[in-house]
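Notes follow the structure.
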Amino acid sequence: MLNQGKVVFNRKLNNTIYYLRIKVPISFKAQPGQFINIKVSDDYVPLLRRPFSIFNHERGFIDILYKVVGNGTKKLSNKKREDILDFIGPVGNSYVDFFYEDEFKEKNIYLVAGGTGFASIHFFARWLLRKKIKFKLFYGAKNKKEIFQRFCKNFDVLIATDDGSCGKKGLITSFINGDKDTIIFCCGPQTMLKTIQSIKAYKKIASFESYMGCANGVCLSCVIKINKGKEFDYARVCKEGTVFDLDDVIII
Amino acid sequence: MLNQGKVVFNRKLNNTIYYLRIKVPISFKAQPGQFINIKVSDDYVPLLRRPFSIFNHERGFIDILYKVVGNGTKKLSNKKREDILDFIGPVGNSYVDFFYEDEFKEKNIYLVAGGTGFASIHFFARWLLRKKIKFKLFYGAKNKKEIFQRFCKNFDVLIATDDGSCGKKGLITSFINGDKDTIIFCCGPQTMLKTIQSIKAYKKIASFESYMGCANGVCLSCVIKINKGKEFDYARVCKEGTVFDLDDVIII
Amino acid sequence: MTNKINIQVKIGKLILKNPVMTASGTFGYGLEFEKFFDLGKLGAIITKGLSLNPVKGNPPQRIVETPAGMLNAIGLQNIGIKNFISEKLPLLKKYKTPIIVNVYGRKVDEYIEVADILNDTDVAGIELNISCPNVKRGGLQFAADKKAVEKIINRIRKKYKKTIIVKLSPNTGNIEDMAIHCERCGADAVSLINTIVGMAIDIKTKKPVLANVFGGLSGPAIKPIALAAVFKVSKKVKIPVIGVGGIMNYKDALEFMMAGATAVQIGTANFIDPLTCVKVIKDLQYYLKENKIYDINKIIGAIKLE
Amino acid sequence: MTNKINIQVKIGKLILKNPVMTASGTFGYGLEFEKFFDLGKLGAIITKGLSLNPVKGNPPQRIVETPAGMLNAIGLQNIGIKNFISEKLPLLKKYKTPIIVNVYGRKVDEYIEVADILNDTDVAGIELNISCPNVKRGGLQFAADKKAVEKIINRIRKKYKKTIIVKLSPNTGNIEDMAIHCERCGADAVSLINTIVGMAIDIKTKKPVLANVFGGLSGPAIKPIALAAVFKVSKKVKIPVIGVGGIMNYKDALEFMMAGATAVQIGTANFIDPLTCVKVIKDLQYYLKENKIYDINKIIGAIKLE
Ligand SMILES: Cc1cc2nc3c(=O)[nH]c(=O)nc-3n(C[C@H](O)[C@H](O)[C@H](O)COP(=O)(O)OP(=O)(O)OC[C@H]3O[C@@H](n4cnc5c(N)ncnc54)[C@H](O)[C@@H]3O)c2cc1C
Ligand SMILES: Cc1cc2nc3c(=O)[nH]c(=O)nc-3n(C[C@H](O)[C@H](O)[C@H](O)COP(=O)(O)OP(=O)(O)OC[C@H]3O[C@@H](n4cnc5c(N)ncnc54)[C@H](O)[C@@H]3O)c2cc1C
Ligand SMILES: Cc1cc2nc3c(=O)[nH]c(=O)nc-3n(C[C@H](O)[C@H](O)[C@H](O)COP(=O)(O)O)c2cc1C
Ligand SMILES: Cc1cc2nc3c(=O)[nH]c(=O)nc-3n(C[C@H](O)[C@H](O)[C@H](O)COP(=O)(O)O)c2cc1C
Ligand code: FES
Ligand code: FES
């Protein structure tokens, strides 16, 4: 769980998005939807670790795809080849926990990724590919720069951008037509997930993000609201999630 | 006063001591004994700037010689060629303010440097050399590793180390014989300066260090005690100093 | 060599094998850390604050990072004392580490009821949280209410045989006075400090970052404040003081012990490095050995003035 | 465009050309910053704390850095009010910036005497420091003593025609109560917060790092605490609140103004970047322009709850 790995590369893909590979022991195992919690600094600023979905994982390495949005991600972007990264993980459950091969056989499997939500969906897409399970990927972002087609080569993908600079123009969710045989796996901004809640489908499975203190289930900071009849419960994104049945979640 | 300069090099001289050169505008002027106050981090840790004596200065560059003792100096040691350093300076008065060429003509001029106190003494030694004024340099440190003979080539120097691994064995002060014609300029640990207070001399001039908040005369943190008959006054090392008449200072 | 070094300390009747405890709310109910290290190594485990009935807590956003610190407004979400006893306590028993239950009540009676329930268990002690800054409704700031505190401690003391620790905050009133008051009322120890009331605003939305508006500041940022409080209180009371606030490593722990703390609690640091507690224990032993101090009790209050 | 944006604010009778002041003790007597920028750009200059007679202050070590903050125990070293008036004030006059004198007294009478002396000068106001944590001898914690505060404000108010600001601290008592009290007694504004009592120990020597043992914590570390105090006090008083504590840039300043501050003071940041004040003024203007807010007064208390 407590791990250290050497940076293999930390490539800048566009203005703000980086692609980082970490060498890990061969014994390291992770599932799509899981994340790692990285110590980005040896100082007290930033103080807390930063969580990132696993973008890709094969024997001996894990990749993450991240956007520089603040000080923590800026610090991460300064890491160089051979630097040692201290991280906790893999953390959380997996899309795979919600995947029932027999039950899903005759259904249309849709993967929906918004922005950096592409990271965990990408890992899951590779998992499906390896299992030779057919799926369609819906991939949306602000503009062409934030779409990483190079990672979609082997996928049946539909792309949409807010400004139409790549693929269709508009919100990716507006290009999804669901029905009772559709199964959606999604990850992206809360607004996207909220929209998907109203798309018709057999099942909708979503990976959530939230502000995290420990990523270890103890601080109770990362909670989201889960439907419980007239009541609601708080569930920890880092422990009960990050992957939930989307219909169970109350998105505010 | 507020300056920026590019790092030309930041060489590791031994386990803990670095030699840093900063490119500065040709208009930049500084005197031996002055220091600069460097912003070592863009973060809030470390929060305050860190002061360093000017070790050498010629048209277009300044050098410092520093020891890594804590987080701030560690941060500084990570600076690379081409990095931009933000610093305030030159700050403080100078040995030169206490140097009266005519008055000192027939006297023996001794320069005494202890540890990293060598930095400002070195700059002053070069100044004297350029003025063709004769002097003798007493240079003490813990051991051979902390003595930088390469910078003493043109000086008449006596070296002493605590363990005798370079030069004489013992405290450098024990090799100084003062008399009424001796003028001492010194910089080093307070214990060294205190010992020098009891050496006989015509004049003793010392540069002091203290814990600094602003290096701009406003926070009043860097004060040392100055004799004032039966009373004493506090003087700011960053403003009235760093160079004082050693006999005026009350070292505790 | 290490064997000859004593790192046991005493908090009331309670003997701790070392002075390092986990701070309430930062270590869950302990079990989440089983995967990181042997919980038997800890001086004591202090649970998340427990109330009589389960509490849902505040809506998110519940935490935000600040310079060298963090604000939290969890709102004391917890599973309730009975669930703790039935679900968690049995799993904790196998470790030879005293379990101390941090208790939070909305009313005086709730503290007493929870203490009554704990009387029949083998938890080693209770820590009364009278200083949580994060509860809005019914969130009495007991920390400033001497009469309420007296009632709580007196009535619990009557029945409760084990160690009673009262957790204090620097938010309201005079923390020294309150500590003296707790000692008089029969507390076995005081722990300080709880988090300090703070706040952050998102300038883009103009909204408070935390749904609860206010949160409690913890982490290295508050260490100097906590240390001053521990030093001051230690001089005023005879019962042990437990130091907490911004401890990240053994050096911080030493500062607190030199200032007068008999034991320390480690909070926020558990989020950043889950091994902090065990590292501090190991490093304290190493420090003692290096400095030829054969009993950690010699460090307590060892600060030299003048 | 910029011309159309109003950044004037009012503190009592005093009109400030912008809401950015220098915090006492971090800007000397102003003149040291002449080499960095035109002092005429500042909303106001608040001097180092001045007392009736010169004060030597505490022995060194007087400061120490802490995580994202610093402790200081200068002990109010100052040249005395008379020397200030004869030596410094004349040199400050040429700037069109109001000079506010921060006043510290060991006794109630000292505050009044200093105020009397200032009555005959053209300083724009006085800021009464009743909350300095760094004075040992005679260091009355006026901040907790409502009667003393009443005396000071009442007696000064009688004679003194210009703006009276009272500087409060979160160290003792309830800062909201004290702010309400100051308002009632006739203060034109309150400024908060002063530094928070803290301490550091050198574990090698076992001695307190500061010769004075305690110091006042300032810098980014305390920002969340200061912000919460400003927000709470702003809701309780009608007089302007001046926000201070850990402001490093215009974003921090905006948080304080949204929380309810009419103006801000910048302290520790002056040590790190002497241009902080002018940068904040410029950036605030830029922010207003970008967001099409044509009057900075619209930001004051603009926090959105719920
Ligand atoms: C389970 C999980 C998986 C994630 N996976 C990825 C990923 O694969 N790629 C990626 O680029 N990002 C991912 N994120 C988001 C990433 O963790 C944040 O962007 C990062 O922590 C911001 O750190 P910072 O210091 O740069 O920003 P800060 O300065 O801390 O904050 C800057 C902005 O980011 C927001 N922010 C801070 N923390 C989070 C957070 N945990 N979630 C969302 N927004 C946040 C803040 O509210 C603020 O507006 C993930 C988050 C979670 C919880
Ligand atoms: C005018 C002046 C000139 C200086 N010139 C040089 C120089 O040429 N070369 C050099 O190596 N060092 C010099 N120093 C000392 C240097 O500034 C400190 O070593 C440095 O600030 C320590 O920063 P840090 O963050 O690494 O250590 P910190 O973690 O801040 O402290 C580590 C240790 O260093 C001590 N320390 C911190 N600040 C100072 C200080 N200002 N003076 C002395 N000790 C301090 C602390 O008390 C502590 O024990 C000078 C100091 C002054 C005041
Ligand atoms: C997320 C979080 C939750 C907390 N919950 C509790 C609690 O339930 N009861 C309590 O007494 N203190 C609680 N605290 C306070 C801590 O126990 C501790 O007093 C404080 O965080 C200061 O220590 P630190 O700086 O080491 O974190 C909590 C702190 C944090 C950060
Ligand atoms: C070195 C130093 C000296 C100070 N001296 C005074 C003073 O004389 N009078 C006063 O009212 N406040 C004094 N203060 C407090 C500041 O004015 C301010 O309230 C506090 O530092 C918080 O603001 P900051 O975090 O921006 O520094 C001093 C602060 C520092 C750091
Ligand atoms: S991040 Fe701490 S419980 Fe999820
Ligand atoms: S360092 Fe601030 S006055 Fe010298």
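Chain lettering (A, B, ...) mirrors the order of the structure tokens, residue numbering begins at 1 for each chain separately, and ligand numbering begins at 1 in order of display.
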
Interface list for chain C, partner chain D, 7 Å threshold, only C-alpha atoms, as number ranges by chain = C: 67-68, 172-174, 197-201, 203, 206-207, 220-221, 224-225, 227-228, 254-255, 302-305

For the residues selected in the previous step, produce a file with C-alpha atoms as a PDB file, in the first residue's frame.
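Written out: part-v2.pdb:
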ATOM      1  CA  PRO C  67      -0.597  26.999   4.225  1.00  0.00           C
ATOM      2  CA  ALA C  68       1.131  24.206   6.181  1.00  0.00           C
ATOM      3  CA  THR C 172     -12.493  30.322  23.807  1.00  0.00           C
ATOM      4  CA  GLY C 173     -11.651  31.523  27.223  1.00  0.00           C
ATOM      5  CA  ASN C 174      -8.408  30.942  29.006  1.00  0.00           C
ATOM      6  CA  VAL C 197     -11.431  27.923  14.430  1.00  0.00           C
ATOM      7  CA  GLY C 198     -10.599  29.060  10.932  1.00  0.00           C
ATOM      8  CA  MET C 199     -12.161  29.681   7.575  1.00  0.00           C
ATOM      9  CA  ALA C 200     -11.457  29.976   3.870  1.00  0.00           C
ATOM     10  CA  ILE C 201     -13.362  31.709   1.087  1.00  0.00           C
ATOM     11  CA  ILE C 203     -12.988  34.109  -4.220  1.00  0.00           C
ATOM     12  CA  LYS C 206     -17.550  34.144  -3.082  1.00  0.00           C
ATOM     13  CA  LYS C 207     -18.685  31.200  -0.986  1.00  0.00           C
ATOM     14  CA  PRO C 220       2.264  22.173  11.292  1.00  0.00           C
ATOM     15  CA  ALA C 221       0.823  25.695  11.018  1.00  0.00           C
ATOM     16  CA  PRO C 224       3.818  26.990  17.784  1.00  0.00           C
ATOM     17  CA  ILE C 225       0.401  27.810  19.262  1.00  0.00           C
ATOM     18  CA  LEU C 227       3.384  24.238  22.092  1.00  0.00           C
ATOM     19  CA  ALA C 228       2.854  27.522  23.938  1.00  0.00           C
ATOM     20  CA  LEU C 254      10.400  16.209  21.779  1.00  0.00           C
ATOM     21  CA  GLU C 255       9.535  19.892  21.790  1.00  0.00           C
ATOM     22  CA  ALA C 302      13.092  19.390  30.544  1.00  0.00           C
ATOM     23  CA  ILE C 303      12.976  22.849  28.982  1.00  0.00           C
ATOM     24  CA  LYS C 304      15.726  25.109  30.301  1.00  0.00           C
ATOM     25  CA  LEU C 305      14.703  28.628  31.108  1.00  0.00           C
TER      26      LEU C 305
END

Identify, counting only C-alpha atoms and all ligand atoms, the protein, DNA and RNA residues located within 7 Å of ligand 1, and give them as a ChimeraX atom specification.
-> /A:35,46,50-55,64-74,116-117,119-120,208-212,238,242 /C:65

Using only C-alpha atoms, which of A:Arg81, A:Lys75, A:Lys23, A:Arg150 sits nearest chain B?
->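 Smallest distance to chain B is found for A:Lys75.
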
Define the interface residues of chain B facing chain D as those within 9 Å, counting only C-alpha atoms, and report them as a PyMOL selection string.
-> chain B and resi 1-2+39+43-49+210-225+233-234

May I ask which of the residues B:Asp179, B:Asp42, B:Gly229, B:Phe28 is the closest one to chain A, counting only C-alpha atoms?
-> B:Asp42
